[in-house]
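Visitor: I am attaching a structure below and will ask some questions about it afterwards.
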Amino acid sequence: MSQSPRGGSASKDSKYDLSKISARVDRVNVSGLQRTQNDYVMRAADGLFKATNFQDLMVEAMSTKSYLHELGIFKDVSVHIDISRGADATPQGYEVTFKGNEYTRLMGSAGTEIGQNEGSLRTELTIPNILGRGESVSLQGSYSSNRAHDLQLKFWKPFFHTRFRENRPELSFSVFRQTDRYDISSFQTTNLGYLVDFSAHTMLGVDLTHSLQYENSIRDVGLLNKSVPFAIRDHCGPKLASLIRYSIIFDNRDGNVFPTQGVLLKSVNEYCGLGGNIAYTSSTAHGEVNVPLFAGLVAQFCGRVGVVKETKNTTQLPINSLFYCGGPLTLRGFKFGGAGPVIDGTPIGAQTFWCTGAHLWAPLPFAGVFKNLASHFRMHFFYNLGNSNTFSTENMRSAFGVGLAVKLAERARIELNYCVPVRRQTTDNAINGFQFGIGYEFV
């Protein structure tokens, strides 16, 4: 015999409709708080006290468990539901206890990180929950032999415990040093400065992610060799940049790497010229639409556009803010920066660019036999179009091909494509054959 949640008995094979079992929460306990202030977890119980049946109680308990994880103070949380006892117990009352295990005072991690067409080694030291309300400090360092390496000291403060919990507001302050190499143009930039970032979600009909940043940094452009055109040498030396950046993202896809349906829209806008001796405006937009077909086939359409313009205070557009069109992430069939303006045989970046891509994604043959392994692989047929310094189709570049993609932990993917350039210019650096790419945002 099995017992119902509140007394009574039924046969072993009986099924209960938990929504018809009356229940209410008399008390909520959160144990395991050592450094955390009590008011930081107070709002965790709001939904539980609204439960009127046992099904609602269980759903709200799982939601509260997820909420406690989001607060960034526990490495694991368990839930215990018991009958309410004591003088204040009600006939249909329950007591819910959450047992949390707080993070240690110092955490460290080391591993690899996937960037845009590069991988890097990354280490991080974090002091979590230093003031008792989710505030944390981290020291991060990464190194890549390909393009970039950086060092960052970051403090962040979430406000998930406030009445704006659904908006997930977070404020951070970072001091950073970042070096980016542009081997194709024989220069590198070293940025040293600080960044203030405020991010939040809004859910007025659609879920949007917003980020508002202020950056103040010294940007130093240096040469990688002596045989560099004067047009690039003219940008050398340190300059002060003071800018504000706003980004907005809409994403309702059912997956980040191999989505079968949904839309991604992303926009990043910068205004530089609040101080210092660099002035420009920059806007980039990225879009992706996925349409399921049949037999596991998915049609995908992508597009990206970027514009950087002068302002009335501009004396020279910084070369490291220009766009490099071409490469496995934007215009397949061309090397990175190989589909843009060139001076003395050296790519220098463009003030505008656009590129689009049409894909037909398909599962591997015999995917039904090796389901777990095959879910990490996809084949695709693609056709890419793009151009630099003009939004017309005149002198447009294009390429088509077929490739194999491998998923990396729901965050990035690796592509090995066979590319056939169709339209190109005499100064372009095209690839007719295999091309390798790794990243998290492709066109």
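Naming works like this for the structure tokens: A, B, ... for the chains as they're shown, residue 1 at the start of each chain, ligands 1 onward in shown order.
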Residues of region 160-268 of chain A that approach region 297-301 of chain A to 12 Å or less, counting only C-alpha atoms: could you list each one with the shortest pair of atoms and its distance in Å to one decimal, rows by chain and increasing residue number, as a Markdown table?
Guide:
```
| residue | atom | partner | partner_atom | distance |
| --- | --- | --- | --- | --- |
| A:Arg253 | CA | A:Gln300 | CA | 11.7 |
| A:Phe258 | CA | A:Val298 | CA | 9.3 |
| A:Pro259 | CA | A:Val298 | CA | 8.4 |
| A:Thr260 | CA | A:Val298 | CA | 5.9 |
| A:Gln261 | CA | A:Val298 | CA | 7.9 |
| A:Gly262 | CA | A:Gln300 | CA | 9.8 |
| A:Val263 | CA | A:Phe301 | CA | 9.8 |
| A:Leu264 | CA | A:Phe301 | CA | 10.6 |
```
Visitor: Next, dump the selected residues to file, keeping only N, CA, C and O atoms, as a compact mmCIF listing (two decimals), in the first residue's frame.
Guide:
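Contents of result01.txt, as written:
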```
# COMPACT_ATOMS: atom_id res chain seq x y z
N ARG A 253 15.75 30.93 -30.07
CA ARG A 253 16.13 29.67 -30.71
C ARG A 253 16.07 28.53 -29.69
O ARG A 253 16.20 28.74 -28.49
N PHE A 258 23.26 24.18 -32.90
CA PHE A 258 22.50 23.60 -34.01
C PHE A 258 21.01 23.82 -33.80
O PHE A 258 20.25 22.88 -33.54
N PRO A 259 20.53 25.05 -33.87
CA PRO A 259 19.10 25.29 -33.66
C PRO A 259 18.27 24.71 -34.80
O PRO A 259 18.71 24.69 -35.96
N THR A 260 17.07 24.26 -34.47
CA THR A 260 16.16 23.75 -35.50
C THR A 260 15.04 24.74 -35.79
O THR A 260 14.36 24.62 -36.81
N GLN A 261 14.84 25.71 -34.90
CA GLN A 261 13.84 26.74 -35.13
C GLN A 261 14.16 27.95 -34.27
O GLN A 261 14.92 27.86 -33.31
N GLY A 262 13.58 29.09 -34.62
CA GLY A 262 13.78 30.29 -33.82
C GLY A 262 14.57 31.37 -34.54
O GLY A 262 15.10 31.17 -35.64
N VAL A 263 14.66 32.52 -33.87
CA VAL A 263 15.27 33.72 -34.45
C VAL A 263 16.27 34.30 -33.45
O VAL A 263 16.03 34.31 -32.24
N LEU A 264 17.39 34.78 -33.97
CA LEU A 264 18.37 35.53 -33.19
C LEU A 264 18.56 36.89 -33.84
O LEU A 264 18.82 36.98 -35.04
```
Visitor: To test your reading of the structure, identify every residue in region 157-341 of chain A that backbone DSSP assigns to strand (DSSP E), and report it as a ChimeraX atom specification.
Guide: /A:157-158,170-182,187-204,206-223,237-251,262-276,280-292,298-309
Visitor: Using only C-alpha atoms, which residues sit within 8 Å of Arg245 (chain A) once same-chain residues fewer than 3 positions away are excluded, as a count of residues only?
Guide: 9
Visitor: Using only C-alpha atoms, find the one residue out of A:Ala241, A:Ala412, A:Val422, A:Cys302 that sits nearest to Gly255 (chain A).
Guide: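 Closest to Gly255 (chain A) of all the choices is A:Ala412.
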Visitor: Write out as a CSV table (one decimal) with N, CA and C atoms, in the first residue's frame which residues come within 10 Å of Thr315 (chain A) when counting only C-alpha atoms, dropping same-chain ones fewer than 6 positions away.
Guide:
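As a result, part_5.csv now contains:
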```csv
chain,number,residue,atom,x,y,z
A,277,ASN,N,41.2,61.5,-27.6
A,277,ASN,CA,41.5,62.0,-29.0
A,277,ASN,C,41.0,61.0,-30.1
A,278,ILE,N,40.1,60.1,-29.8
A,278,ILE,CA,39.5,59.2,-30.7
A,278,ILE,C,38.0,59.5,-30.8
A,279,ALA,N,37.4,59.7,-32.0
A,279,ALA,CA,36.0,60.0,-32.2
A,279,ALA,C,35.4,59.2,-33.4
A,280,TYR,N,34.3,58.5,-33.1
A,280,TYR,CA,33.7,57.8,-34.2
A,280,TYR,C,32.3,57.2,-33.7
```
Visitor: Tell me, as a count of residues only, which residues lie within 6 Å of region 178-189 of chain A, counting only C-alpha atoms; anything in the same chain fewer than 2 positions away does not count.
Guide: 12
Visitor: As a list in words, please: every residue in region 260-420 of chain A that DSSP puts in alpha helix (DSSP H).
Guide: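 In region 260-420 of chain A, DSSP puts these residues in alpha helix (DSSP H): Lys371, Asn372, Leu373 and Ala374 of chain A.
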Visitor: Deliver the residues from the most recent selection as a file, using N, CA, C and O atoms, as an mmCIF file, in the first residue's frame.
Guide:
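Here's the written file again_34.cif:
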```cif
data_model
loop_
_atom_site.group_PDB
_atom_site.id
_atom_site.type_symbol
_atom_site.label_atom_id
_atom_site.label_comp_id
_atom_site.auth_asym_id
_atom_site.auth_seq_id
_atom_site.Cartn_x
_atom_site.Cartn_y
_atom_site.Cartn_z
ATOM 1 N N LYS A 371 22.838 7.618 -32.039
ATOM 2 C CA LYS A 371 22.080 8.820 -31.694
ATOM 3 C C LYS A 371 22.879 9.790 -30.837
ATOM 4 O O LYS A 371 22.936 10.985 -31.128
ATOM 5 N N ASN A 372 23.487 9.313 -29.757
ATOM 6 C CA ASN A 372 24.200 10.219 -28.844
ATOM 7 C C ASN A 372 25.398 10.870 -29.524
ATOM 8 O O ASN A 372 25.640 12.073 -29.372
ATOM 9 N N LEU A 373 26.146 10.083 -30.275
ATOM 10 C CA LEU A 373 27.324 10.630 -30.947
ATOM 11 C C LEU A 373 26.927 11.507 -32.124
ATOM 12 O O LEU A 373 27.485 12.591 -32.322
ATOM 13 N N ALA A 374 25.941 11.066 -32.894
ATOM 14 C CA ALA A 374 25.554 11.802 -34.095
ATOM 15 C C ALA A 374 24.920 13.151 -33.777
ATOM 16 O O ALA A 374 24.924 14.053 -34.621
#
```
Visitor: Quick one: residues within 9 Å of region 56-71 of chain A, only C-alpha atoms counted, chain neighbours fewer than 5 positions away excluded, as a list in words?
Guide: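 That gives Leu18, Ser19, Ala23, Arg24, Val25, Tyr40, Val41, Ala44, Ala45, Asp46, Gly47, Leu48, Phe49, Lys50, Ala51, Asp76, Val77, Ser78, Val79, Ile81, Val96, Phe98, Gly100, Arg133, Gly134, Pro158, Phe159, Phe160 and His161 of chain A.
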Visitor: Measuring between only C-alpha atoms, which one of A:Ile73, A:Ala110, A:Ala231, A:Val402 shows the shortest distance to Cys419 (chain A)?
Guide: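 The closest residue to Cys419 (chain A) is A:Val402.
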